[in-house]
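So this block is my_file09.cif, mmCIF, C-alpha atoms:
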data_coords
#
loop_
_atom_site.label_atom_id
_atom_site.label_comp_id
_atom_site.auth_asym_id
_atom_site.auth_seq_id
_atom_site.Cartn_x
_atom_site.Cartn_y
_atom_site.Cartn_z
CA MET A 20 0.00 0.00 0.00
CA ILE A 21 1.22 3.51 -0.87
CA LEU A 22 0.55 5.88 2.00
CA SER A 23 -0.26 9.54 1.56
CA GLY A 24 1.73 12.31 3.21
CA TRP A 25 -0.56 12.64 6.24
CA GLN A 26 -0.58 8.87 6.79
CA LYS A 27 3.22 8.75 6.80
CA MET A 28 3.41 11.83 9.03
CA VAL A 29 1.56 10.24 11.93
CA ALA A 30 4.26 7.58 12.16
CA VAL A 31 6.45 10.14 13.93
CA VAL A 32 3.79 10.71 16.61
CA VAL A 33 3.91 8.40 19.63
CA VAL A 34 0.39 7.14 20.25
CA ALA A 35 -1.04 4.23 22.19
CA GLY A 36 -2.03 1.28 20.05
CA PRO A 37 -1.12 0.26 16.51
CA LEU A 38 -1.96 2.38 13.48
CA LEU A 39 -4.20 0.34 11.25
CA ALA A 40 -3.73 0.01 7.52
CA GLY A 41 -6.51 0.18 4.97
CA CYS A 42 -7.50 3.64 3.83
CA GLY A 43 -9.25 2.77 0.57
CA ALA A 44 -12.26 4.89 -0.32
CA ALA A 45 -15.93 4.11 -0.69
CA ALA A 46 -18.36 5.98 -2.92
CA ASN A 47 -19.10 9.48 -1.64
CA THR A 48 -22.88 9.35 -1.77
CA SER A 49 -25.50 9.77 0.90
CA ALA A 50 -26.55 6.17 0.25
CA GLY A 51 -23.19 5.11 1.66
CA HIS A 52 -24.10 6.48 5.07
CA SER A 53 -26.07 4.83 7.83
CA ASN A 54 -29.83 5.18 8.21
CA ALA A 55 -29.20 7.42 11.23
CA SER A 56 -27.38 9.85 8.94
CA ALA A 57 -30.22 9.84 6.42
CA THR A 58 -32.92 10.46 9.03
CA LYS A 59 -32.92 12.43 12.26
CA PRO A 60 -29.43 13.31 13.51
CA ALA A 61 -28.61 11.58 16.78
CA GLN A 62 -25.09 12.48 17.85
CA LEU A 63 -22.15 14.47 16.55
CA VAL A 64 -18.67 13.08 17.20
CA LEU A 65 -16.10 15.89 17.01
CA TYR A 66 -12.33 15.40 16.99
CA SER A 67 -10.77 18.79 17.60
CA ALA A 68 -7.56 20.58 18.51
CA GLN A 69 -9.19 23.98 19.03
CA GLY A 70 -9.43 25.93 22.27
CA TYR A 71 -13.05 26.90 21.61
CA ASP A 72 -14.26 23.38 20.75
CA GLN A 73 -16.00 22.67 24.08
CA ALA A 74 -17.82 25.99 24.03
CA GLU A 75 -18.79 25.44 20.39
CA ALA A 76 -20.03 21.92 21.13
CA THR A 77 -22.11 23.19 24.05
CA ALA A 78 -23.63 26.02 21.99
CA PHE A 79 -24.46 23.69 19.10
CA GLN A 80 -26.07 21.13 21.38
CA LYS A 81 -28.15 23.87 23.03
CA ALA A 82 -29.23 25.31 19.67
CA THR A 83 -30.10 22.01 17.97
CA GLY A 84 -30.68 19.45 20.69
CA ILE A 85 -28.09 17.20 19.03
CA LYS A 86 -25.74 15.58 21.52
CA VAL A 87 -22.04 16.23 20.92
CA LYS A 88 -19.28 13.82 21.87
CA LEU A 89 -16.04 15.83 21.88
CA ASP A 90 -12.55 14.35 21.78
CA ASP A 91 -10.09 17.22 22.27
CA MET A 92 -6.40 16.56 21.55
CA SER A 93 -3.33 18.01 19.81
CA THR A 94 -3.22 17.82 16.02
CA GLY A 95 -0.62 15.05 15.75
CA PRO A 96 -2.53 12.56 17.92
CA LEU A 97 -5.77 13.63 16.21
CA LEU A 98 -4.39 12.70 12.78
CA ALA A 99 -3.06 9.44 14.16
CA LYS A 100 -6.53 8.61 15.46
CA VAL A 101 -8.10 9.44 12.11
CA GLN A 102 -5.66 7.11 10.39
CA SER A 103 -6.24 4.29 12.86
CA GLU A 104 -9.96 4.36 12.11
CA GLY A 105 -9.38 4.36 8.35
CA THR A 106 -12.52 3.91 6.23
CA HIS A 107 -14.61 3.18 9.33
CA PRO A 108 -14.41 6.57 11.06
CA GLN A 109 -15.86 7.00 14.51
CA TRP A 110 -15.85 10.76 13.93
CA ASP A 111 -18.18 13.04 12.03
CA VAL A 112 -16.18 16.28 12.01
CA ILE A 113 -12.50 17.12 12.52
CA TRP A 114 -11.27 20.61 13.34
CA PHE A 115 -7.68 21.80 13.64
CA ASP A 116 -5.12 24.34 12.40
CA GLY A 117 -3.34 23.69 9.13
CA ASN A 118 -4.72 23.11 5.64
CA GLU A 119 -1.79 20.91 4.56
CA PRO A 120 -3.01 17.81 6.41
CA MET A 121 -6.58 18.62 5.36
CA ALA A 122 -5.51 18.71 1.73
CA SER A 123 -3.70 15.41 2.20
CA LEU A 124 -6.82 13.83 3.72
CA ALA A 125 -8.81 15.11 0.76
CA GLN A 126 -6.25 13.65 -1.65
CA SER A 127 -6.67 10.32 0.16
CA ASN A 128 -10.43 10.50 -0.47
CA MET A 129 -11.18 10.50 3.26
CA LEU A 130 -13.35 13.62 3.32
CA TYR A 131 -16.95 14.28 2.36
CA THR A 132 -17.12 16.69 -0.58
CA GLY A 133 -19.69 18.78 -2.40
CA TYR A 134 -21.53 20.14 0.63
CA SER A 135 -22.56 23.80 0.39
CA PRO A 136 -23.87 24.98 3.76
CA ALA A 137 -26.33 27.85 3.78
CA ASN A 138 -23.78 30.05 5.57
CA LEU A 139 -21.18 29.56 2.83
CA SER A 140 -22.26 32.93 1.47
CA ARG A 141 -20.92 34.56 4.63
CA TYR A 142 -17.28 33.99 3.65
CA ASN A 143 -15.25 37.14 2.99
CA SER A 144 -12.69 37.29 0.18
CA LEU A 145 -10.02 35.65 2.37
CA GLY A 146 -12.36 32.84 3.35
CA ARG A 147 -13.37 32.20 -0.26
CA SER A 148 -9.72 32.11 -1.33
CA LEU A 149 -9.00 29.34 1.21
CA LEU A 150 -12.05 27.20 0.39
CA PRO A 151 -11.22 24.26 -1.91
CA SER A 152 -13.41 24.03 -4.99
CA ASN A 153 -14.83 20.67 -3.93
CA HIS A 154 -15.63 21.92 -0.40
CA ALA A 155 -13.62 19.08 1.15
CA TYR A 156 -12.89 21.32 4.14
CA PHE A 157 -14.01 24.69 5.42
CA PRO A 158 -11.75 27.50 6.73
CA THR A 159 -12.87 29.01 10.03
CA GLY A 160 -10.15 31.60 10.74
CA VAL A 161 -6.54 32.58 10.08
CA THR A 162 -3.48 33.15 12.25
CA ALA A 163 0.25 33.25 11.58
CA ALA A 164 1.87 29.84 11.96
CA ALA A 165 4.68 31.58 13.81
CA ALA A 166 5.97 35.05 14.55
CA ILE A 167 8.69 36.21 16.94
CA VAL A 168 7.73 36.87 20.55
CA TYR A 169 10.43 38.28 22.82
CA ASN A 170 11.05 39.32 26.41
CA LYS A 171 11.46 43.11 26.51
CA LYS A 172 13.36 42.92 29.79
CA ALA A 173 16.00 40.61 28.32
CA ILE A 174 16.36 42.10 24.84
CA LEU A 175 17.04 45.77 24.15
CA LYS A 176 14.75 47.49 21.65
CA SER A 177 17.72 48.08 19.33
CA GLU A 178 18.54 44.35 19.37
CA VAL A 179 15.06 42.97 18.67
CA PRO A 180 15.28 40.55 15.69
CA HIS A 181 13.16 41.56 12.69
CA THR A 182 14.14 38.68 10.38
CA TRP A 183 14.28 34.92 10.85
CA LYS A 184 18.02 34.82 10.17
CA ALA A 185 18.67 37.45 12.83
CA LEU A 186 17.84 34.69 15.31
CA LEU A 187 21.10 32.98 14.40
CA SER A 188 23.08 35.66 16.25
CA SER A 189 25.27 34.34 19.06
CA GLN A 190 23.64 36.84 21.45
CA PHE A 191 20.51 34.62 21.39
CA LYS A 192 22.37 31.36 21.97
CA GLY A 193 20.32 29.00 24.11
CA LYS A 194 17.49 31.52 24.43
CA ILE A 195 15.15 30.55 21.56
CA GLY A 196 12.32 28.02 21.61
CA MET A 197 9.67 26.62 19.28
CA ASN A 198 7.17 23.76 19.09
CA ASN A 199 7.61 20.25 17.72
CA PRO A 200 5.92 20.00 14.28
CA ALA A 201 5.16 16.31 14.88
CA ILE A 202 2.86 17.30 17.76
CA SER A 203 1.85 20.94 17.32
CA GLY A 204 -0.57 21.64 14.47
CA PRO A 205 0.58 25.23 13.84
CA THR A 206 4.24 24.34 13.63
CA PHE A 207 4.44 22.29 10.45
CA PRO A 208 3.07 25.21 8.36
CA PHE A 209 5.78 27.37 9.93
CA VAL A 210 8.45 24.85 8.89
CA ALA A 211 6.89 24.59 5.42
CA GLY A 212 6.87 28.38 5.13
CA ILE A 213 10.59 28.53 5.97
CA PHE A 214 11.28 25.80 3.41
CA GLN A 215 9.34 27.77 0.81
CA GLU A 216 11.07 31.06 1.63
CA PHE A 217 14.64 29.71 1.82
CA GLY A 218 14.27 26.61 -0.37
CA VAL A 219 14.29 23.14 1.21
CA ALA A 220 18.08 22.96 1.50
CA GLY A 221 18.23 26.52 2.81
CA GLY A 222 15.43 25.84 5.27
CA GLU A 223 17.15 22.74 6.59
CA LYS A 224 20.36 24.75 7.02
CA PHE A 225 18.45 27.46 8.91
CA PHE A 226 17.02 24.99 11.44
CA GLU A 227 20.38 23.22 11.79
CA GLN A 228 22.00 26.58 12.56
CA LEU A 229 19.26 27.34 15.08
CA LYS A 230 19.90 23.98 16.73
CA ALA A 231 23.62 24.76 16.86
CA ASN A 232 22.64 28.05 18.50
CA GLY A 233 20.90 26.17 21.31
CA LEU A 234 17.32 25.93 20.02
CA HIS A 235 14.84 24.49 22.55
CA ILE A 236 11.98 22.27 21.30
CA TYR A 237 8.72 22.07 23.24
CA SER A 238 5.52 20.15 22.54
CA THR A 239 2.88 22.86 22.16
CA ASN A 240 2.20 26.60 22.38
CA GLY A 241 1.46 26.34 26.09
CA ASP A 242 4.79 24.69 26.85
CA THR A 243 6.76 27.29 24.89
CA VAL A 244 4.83 30.14 26.55
CA GLN A 245 5.61 28.64 29.95
CA ALA A 246 9.31 28.56 29.05
CA LEU A 247 9.11 32.25 28.11
CA GLN A 248 7.37 33.15 31.34
CA SER A 249 9.87 31.24 33.46
CA GLY A 250 12.86 32.83 31.73
CA ALA A 251 14.12 29.53 30.32
CA ILE A 252 14.07 31.26 26.92
CA ASP A 253 13.77 34.90 25.83
CA ILE A 254 12.44 34.36 22.31
CA GLY A 255 9.71 32.10 20.97
CA MET A 256 8.62 31.17 17.45
CA ILE A 257 5.02 30.07 17.89
CA GLN A 258 1.52 30.77 16.58
CA ASP A 259 0.86 34.50 16.81
CA SER A 260 -2.49 34.11 18.61
CA ALA A 261 -0.64 32.51 21.53
CA GLU A 262 1.91 35.32 21.39
CA TRP A 263 -0.74 38.05 21.50
CA LYS A 264 -2.42 36.31 24.42
CA LEU A 265 0.90 36.36 26.27
CA VAL A 266 1.33 40.07 25.51
CA GLN A 267 -2.20 40.69 26.77
CA SER A 268 -1.38 39.09 30.11
CA ASP A 269 2.17 40.44 30.39
CA PRO A 270 3.21 43.68 28.59
CA ASN A 271 6.86 42.80 29.19
CA PHE A 272 6.60 40.71 26.02
CA GLY A 273 6.39 41.96 22.44
CA VAL A 274 5.58 40.49 19.04
CA VAL A 275 7.46 41.02 15.79
CA TYR A 276 6.45 39.79 12.33
CA PRO A 277 9.60 39.12 10.27
CA THR A 278 9.76 41.53 7.36
CA SER A 279 10.18 38.76 4.78
CA GLY A 280 6.76 37.39 5.69
CA VAL A 281 5.16 34.68 7.81
CA ALA A 282 3.28 31.52 6.88
CA MET A 283 -0.50 31.84 6.91
CA LEU A 284 -2.21 29.25 9.12
CA PRO A 285 -5.88 28.61 8.36
CA SER A 286 -7.98 26.67 10.84
CA ASP A 287 -10.19 24.17 9.01
CA MET A 288 -12.99 21.73 9.70
CA ALA A 289 -14.05 18.78 7.57
CA ILE A 290 -16.66 16.02 7.48
CA ALA A 291 -15.73 12.34 7.25
CA LYS A 292 -16.60 10.74 3.94
CA ASN A 293 -18.24 7.88 5.82
CA ALA A 294 -19.46 10.02 8.71
CA PRO A 295 -21.60 8.00 11.16
CA ASP A 296 -24.04 10.93 11.37
CA LEU A 297 -23.73 12.98 8.21
CA LYS A 298 -26.73 15.19 8.92
CA ALA A 299 -25.39 16.22 12.32
CA ALA A 300 -22.01 16.96 10.72
CA GLU A 301 -23.54 19.19 8.05
CA LEU A 302 -25.56 21.08 10.63
CA PHE A 303 -22.47 21.63 12.79
CA VAL A 304 -20.39 23.05 9.93
CA ASN A 305 -23.18 25.44 9.02
CA PHE A 306 -23.58 26.45 12.67
CA VAL A 307 -19.89 27.31 13.08
CA LEU A 308 -19.98 29.53 9.99
CA GLY A 309 -23.08 31.31 11.29
CA PRO A 310 -23.34 34.28 13.66
CA LYS A 311 -23.66 32.26 16.86
CA GLY A 312 -20.80 29.94 15.96
CA GLN A 313 -18.54 32.90 15.23
CA GLN A 314 -19.51 34.56 18.49
CA VAL A 315 -18.47 31.44 20.41
CA MET A 316 -15.13 31.24 18.61
CA GLN A 317 -14.30 34.77 19.74
CA ASP A 318 -15.24 34.25 23.37
CA GLU A 319 -11.88 34.72 25.10
CA THR A 320 -13.20 33.34 28.36
CA ALA A 321 -13.97 30.01 26.72
CA ALA A 322 -11.35 29.90 23.99
CA GLY A 323 -8.27 31.62 25.43
CA SER A 324 -5.60 32.46 22.85
CA ASP A 325 -7.41 30.53 20.10
CA SER A 326 -9.98 33.33 19.98
CA LEU A 327 -7.32 35.76 18.70
CA PHE A 328 -7.62 34.90 15.01
CA ASP A 329 -8.30 36.90 11.86
CA PRO A 330 -11.91 36.12 10.78
CA VAL A 331 -12.83 34.73 7.35
CA ILE A 332 -16.50 35.70 7.68
CA LYS A 333 -17.99 38.95 6.37
CA GLY A 334 -18.81 41.47 9.07
CA GLU A 335 -16.60 39.83 11.68
CA SER A 336 -13.53 41.60 13.09
CA ALA A 337 -10.52 40.36 15.02
CA LEU A 338 -10.59 40.99 18.76
CA PRO A 339 -8.59 44.04 19.95
CA ALA A 340 -6.14 41.79 21.81
CA ARG A 341 -4.91 40.58 18.42
CA GLY A 342 -2.47 43.43 18.11
CA GLY A 343 -1.81 43.24 14.38
CA ASN A 344 -1.17 41.19 11.28
CA PRO A 345 1.98 40.68 9.22
CA SER A 346 2.72 43.02 6.36
CA LYS A 347 3.33 39.97 4.16
CA TRP A 348 1.76 36.52 4.21
CA ILE A 349 3.51 33.44 2.86
CA ASN A 350 0.93 31.11 1.35
CA VAL A 351 2.15 27.52 1.24
CA ASN A 352 0.26 25.47 -1.35
CA PRO A 353 -1.70 23.07 0.88
CA VAL A 354 -1.51 20.15 -1.57
CA TYR A 355 2.26 20.55 -2.00
CA GLY A 356 2.74 20.99 1.75
CA GLY A 357 0.56 17.99 2.49
CA GLU A 358 2.52 15.80 0.08
CA HIS A 359 5.78 16.70 1.84
CA GLN A 360 4.54 16.82 5.43
CA ALA A 361 5.70 13.29 6.22
CA SER A 362 9.25 13.68 4.91
CA TRP A 363 9.78 17.20 6.26
CA THR A 364 8.39 16.33 9.68
CA GLN A 365 10.53 13.20 9.82
CA TRP A 366 13.60 15.20 8.82
CA PHE A 367 12.88 17.68 11.63
CA THR A 368 12.34 14.89 14.14
CA THR A 369 15.60 13.17 13.20
CA ASN A 370 17.85 16.18 12.74
CA ILE A 371 16.48 18.90 15.01
CA VAL A 372 14.51 17.20 17.78
CA GLY A 373 16.88 14.22 17.94
CA GLN A 374 20.18 14.44 19.76
#
As structure tokens:
Amino acid sequence: MILSGWQKMVAVVVVAGPLLAGCGAAANTSAGHSNASATKPAQLVLYSAQGYDQAEATAFQKATGIKVKLDDMSTGPLLAKVQSEGTHPQWDVIWFDGNEPMASLAQSNMLYTGYSPANLSRYNSLGRSLLPSNHAYFPTGVTAAAAIVYNKKAILKSEVPHTWKALLSSQFKGKIGMNNPAISGPTFPFVAGIFQEFGVAGGEKFFEQLKANGLHIYSTNGDTVQALQSGAIDIGMIQDSAEWKLVQSDPNFGVVYPTSGVAMLPSDMAIAKNAPDLKAAELFVNFVLGPKGQQVMQDETAAGSDSLFDPVIKGESALPARGGNPSKWINVNPVYGGEHQASWTQWFTTNIVGQ
């Protein structure tokens, strides 16, 4: 069997239990779904790596009466779970940051296509530009895969790095941290953006030089933020929503968008091709794109830093705590990125995370 990029990628994630083979596709028709899907929706099973997922699930259940079973986890384990279930998914909807793995899932014929929710018309120009023509997945917001967050007490204003390569300076030795792309959903698009900007060989050299300069690798945004707060590092390269949340809570930190650009990170949701409850899944997608769903996503109390995104829905605005956007976005082709996610993530695991 030839595995797609996303299927190979999950091999670098440590998960309990074997990963099952067998990801062949069945016909994508409503007749292929269970009777429960064709009649009254009974339960929505949501696999998500979003901070607002519990609040969204609660709001949807209240609005529709449809019970929601939520399984919240990081993106790497989520993709591993999707693979393990193969063509017999236990999930109806998946929701995480990064359109590269979504594009790879679509290429593997794992996603339900052709659905046009009523609220599709609410997309703004950015949202429409990120929506695949077959509607295999639906963008719900945009952040930067990584920007530079720094400790103002430790770094003079005149020494703040404004480019990625400025981080290679010896003055920052042992003081820089980032997430592991095999675990953290936002981090692979950052790596892919560097590879696109510098070329693959140049990108590999950049990360090798960072490692030689004492780069610290943490699992997720929260772990890297904790390292910044404790003083273990002075500079982080993580999703900008997490950086702005840190700035909101502690003005001793600042955010810089490298002048050469940063990788755009869409958050996306998709329906399983063989969703156990297709009707519930369709209703949920439409709900999230609607006014109430958007309101929940931007509830900082419920969502934390994940609420600090750039909306893709007309009439919606970013929260004030999101202090800005980059002057230049780097758009990584999601199909190309998805095809290379396995090999690039494995390279990073072996050469940067490994000793």
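Picture a line from atom CA of A:Val274 to atom CA of A:Thr162; it runs 13.5 Å.
Among the candidates A:Tyr355, A:Phe328, A:Trp110, A:Tyr66, the residue lying nearest to A:Pro208 is A:Tyr355 (atoms considered: all atoms listed in the file).
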Which residues would end up in the selection if the PyMOL selection byres ((chain A and resi 233) around 9) were applied here, given that I need the answer as a list in words? Phe191, Lys192, Gly193, Lys194, Ile195, Gly196, Gln228, Leu229, Lys230, Ala231, Asn232, Leu234 and His235 of chain A
Once you have the residues from the selection above, write them out as a PDB file, in the coordinates of the input, restricted to C-alpha atoms.
ATOM      1  CA  PHE A 191      20.510  34.620  21.390  1.00  0.00           C
ATOM      2  CA  LYS A 192      22.370  31.360  21.970  1.00  0.00           C
ATOM      3  CA  GLY A 193      20.320  29.000  24.110  1.00  0.00           C
ATOM      4  CA  LYS A 194      17.490  31.520  24.430  1.00  0.00           C
ATOM      5  CA  ILE A 195      15.150  30.550  21.560  1.00  0.00           C
ATOM      6  CA  GLY A 196      12.320  28.020  21.610  1.00  0.00           C
ATOM      7  CA  GLN A 228      22.000  26.580  12.560  1.00  0.00           C
ATOM      8  CA  LEU A 229      19.260  27.340  15.080  1.00  0.00           C
ATOM      9  CA  LYS A 230      19.900  23.980  16.730  1.00  0.00           C
ATOM     10  CA  ALA A 231      23.620  24.760  16.860  1.00  0.00           C
ATOM     11  CA  ASN A 232      22.640  28.050  18.500  1.00  0.00           C
ATOM     12  CA  LEU A 234      17.320  25.930  20.020  1.00  0.00           C
ATOM     13  CA  HIS A 235      14.840  24.490  22.550  1.00  0.00           C
TER      14      HIS A 235
END
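Here the PyMOL selection byres ((chain A and resi 225) around 12) matches the residues Trp183, Lys184, Ala185, Leu186, Leu187, Ser188, Val210, Ile213, Phe214, Glu216, Phe217, Gly218, Val219, Ala220, Gly221, Gly222, Glu223, Lys224, Phe226, Glu227, Gln228, Leu229, Lys230, Ala231, Asn232, Leu234, Phe367, Asn370 and Ile371 of chain A.
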As a check of understanding, name the residues that the PyMOL selection byres ((chain A and resi 295-302) around 10) selects in the supplied structure, as an NGL selection string. :A and (49 or 52-65 or 79 or 83 or 85-87 or 107-113 or 131 or 134-137 or 289-294 or 303-307)
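Interatomic distance, atom CA of A:Tyr156 against atom CA of A:Val354: 12.8 Å.
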Near stretch 168-173 of chain A, within 8 Å and counting all atoms listed in the file, which residues show up once chain neighbours fewer than 4 positions away are dropped, as a list in words? Val179, Leu247, Asp253, Ile254, Gly255, Met256, Ile257, Glu262, Asn271, Phe272, Gly273, Val274 and Val275 of chain A
Please return, as a ChimeraX atom specification, all polymer residues that have at least one atom within 10 Å of the point (3.3, 32.8, 18.1); use only C-alpha atoms and the file's own coordinate frame. /A:162-168,197-198,205-206,240,243-244,255-265,274-276
Please return, as JSON, numbers by chain, all polymer residues that have at least one atom within 12 Å of the point (3.3, 16.9, 18.6); use all atoms listed in the file and the file's own coordinate frame. {"A": [28, 29, 30, 31, 32, 33, 34, 68, 92, 93, 94, 95, 96, 97, 98, 99, 197, 198, 199, 200, 201, 202, 203, 204, 205, 206, 207, 236, 237, 238, 239, 240, 242, 364, 365, 367, 368, 372]}
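Atom CA of A:Ser189 is found 13.2 Å from atom CA of A:Ile174.
Closest approach to A:Asn118 among A:Gly105, A:Pro345, A:Ala211, A:Pro285: A:Pro285, based on all atoms listed in the file.
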Set the distance at 9 Å and use only C-alpha atoms: which residues neighbour A:Gly357 once local chain neighbours fewer than 2 positions away are removed? I'd like the list as an MDAnalysis selection string. chainID A and resid 23:25 118:124 352:355 359:361
Write out as a ChimeraX atom specification which residues come within 10 Å of A:Gln73 when counting only C-alpha atoms, dropping same-chain ones fewer than 2 positions away. /A:65,67,69-71,75-79,87-91,315,321-322
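Nearest-residue note for A:Asp287: choosing from A:Ser152, A:Ser177, A:Leu308, A:Leu327, the minimum distance belongs to A:Leu308, counting all atoms listed in the file.
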For a quick check of understanding, using all atoms listed in the file, which of A:Asn350, A:Ser279, A:Thr159, A:Ser249 has the smallest distance to A:Gln317? A:Thr159
Distance query A:Gly280 at most 7 Å, all atoms listed in the file, self and fewer than 3 positions along chain excluded, as a PDB file with C-alpha atoms, in the frame of the given file:
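Saved file out.pdb follows:
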ATOM      1  CA  PRO A 277       9.600  39.120  10.270  1.00  0.00           C
ATOM      2  CA  PRO A 345       1.980  40.680   9.220  1.00  0.00           C
ATOM      3  CA  SER A 346       2.720  43.020   6.360  1.00  0.00           C
ATOM      4  CA  LYS A 347       3.330  39.970   4.160  1.00  0.00           C
ATOM      5  CA  TRP A 348       1.760  36.520   4.210  1.00  0.00           C
ATOM      6  CA  ILE A 349       3.510  33.440   2.860  1.00  0.00           C
TER       7      ILE A 349
END
For stretch 331-339 of chain A: contacts at 7 Å, all atoms listed in the file, fewer than 3 positions along chain excluded, given as a ChimeraX atom specification: /A:141-143,145-146,159-160,327-328,342
For the selection you just gave me, I'd like the residues written to a file as a JSON list (two decimals), in the frame of the given file, keeping C-alpha atoms.
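File produced: result-v3.json:
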[["chain", "number", "residue", "atom", "x", "y", "z"],
["A", 141, "ARG", "CA", -20.92, 34.56, 4.63],
["A", 142, "TYR", "CA", -17.28, 33.99, 3.65],
["A", 143, "ASN", "CA", -15.25, 37.14, 2.99],
["A", 145, "LEU", "CA", -10.02, 35.65, 2.37],
["A", 146, "GLY", "CA", -12.36, 32.84, 3.35],
["A", 159, "THR", "CA", -12.87, 29.01, 10.03],
["A", 160, "GLY", "CA", -10.15, 31.60, 10.74],
["A", 327, "LEU", "CA", -7.32, 35.76, 18.70],
["A", 328, "PHE", "CA", -7.62, 34.90, 15.01],
["A", 342, "GLY", "CA", -2.47, 43.43, 18.11]]
Under the rule that only C-alpha atoms are counted, which of A:Val266, A:Ala251, A:Ala125, A:Val161 is the nearest residue to A:Leu284? A:Val161
Have stretch 347-364 of chain A completed to N, CA and C atoms, please, and pass it along as a compact mmCIF listing (two decimals), in the coordinates of the input.
# COMPACT_ATOMS: atom_id res chain seq x y z
N LYS A 347 3.25 40.89 5.29
CA LYS A 347 3.33 39.97 4.16
C LYS A 347 3.02 38.56 4.63
N TRP A 348 2.07 37.92 3.94
CA TRP A 348 1.76 36.52 4.21
C TRP A 348 2.52 35.63 3.24
N ILE A 349 2.96 34.49 3.73
CA ILE A 349 3.51 33.44 2.86
C ILE A 349 2.45 32.35 2.77
N ASN A 350 1.97 32.11 1.56
CA ASN A 350 0.93 31.11 1.35
C ASN A 350 1.56 29.82 0.81
N VAL A 351 1.62 28.82 1.65
CA VAL A 351 2.15 27.52 1.24
C VAL A 351 1.02 26.76 0.56
N ASN A 352 1.26 26.27 -0.66
CA ASN A 352 0.26 25.47 -1.35
C ASN A 352 -0.09 24.27 -0.49
N PRO A 353 -1.36 24.14 -0.06
CA PRO A 353 -1.70 23.07 0.88
C PRO A 353 -1.49 21.66 0.33
N VAL A 354 -1.71 21.48 -0.97
CA VAL A 354 -1.51 20.15 -1.57
C VAL A 354 -0.02 19.81 -1.57
N TYR A 355 0.80 20.77 -2.00
CA TYR A 355 2.26 20.55 -2.00
C TYR A 355 2.77 20.32 -0.59
N GLY A 356 2.31 21.15 0.36
CA GLY A 356 2.74 20.99 1.75
C GLY A 356 2.30 19.66 2.32
N GLY A 357 1.06 19.26 1.99
CA GLY A 357 0.56 17.99 2.49
C GLY A 357 1.35 16.81 1.96
N GLU A 358 1.75 16.89 0.69
CA GLU A 358 2.52 15.80 0.08
C GLU A 358 3.89 15.64 0.74
N HIS A 359 4.44 16.73 1.26
CA HIS A 359 5.78 16.70 1.84
C HIS A 359 5.77 16.70 3.37
N GLN A 360 4.61 16.71 3.97
CA GLN A 360 4.54 16.82 5.43
C GLN A 360 5.25 15.66 6.12
N ALA A 361 5.07 14.46 5.59
CA ALA A 361 5.70 13.29 6.22
C ALA A 361 7.21 13.39 6.21
N SER A 362 7.79 13.67 5.03
CA SER A 362 9.25 13.68 4.91
C SER A 362 9.87 14.86 5.65
N TRP A 363 9.21 16.03 5.58
CA TRP A 363 9.78 17.20 6.26
C TRP A 363 9.66 17.07 7.78
N THR A 364 8.55 16.53 8.25
CA THR A 364 8.39 16.33 9.68
C THR A 364 9.38 15.29 10.19
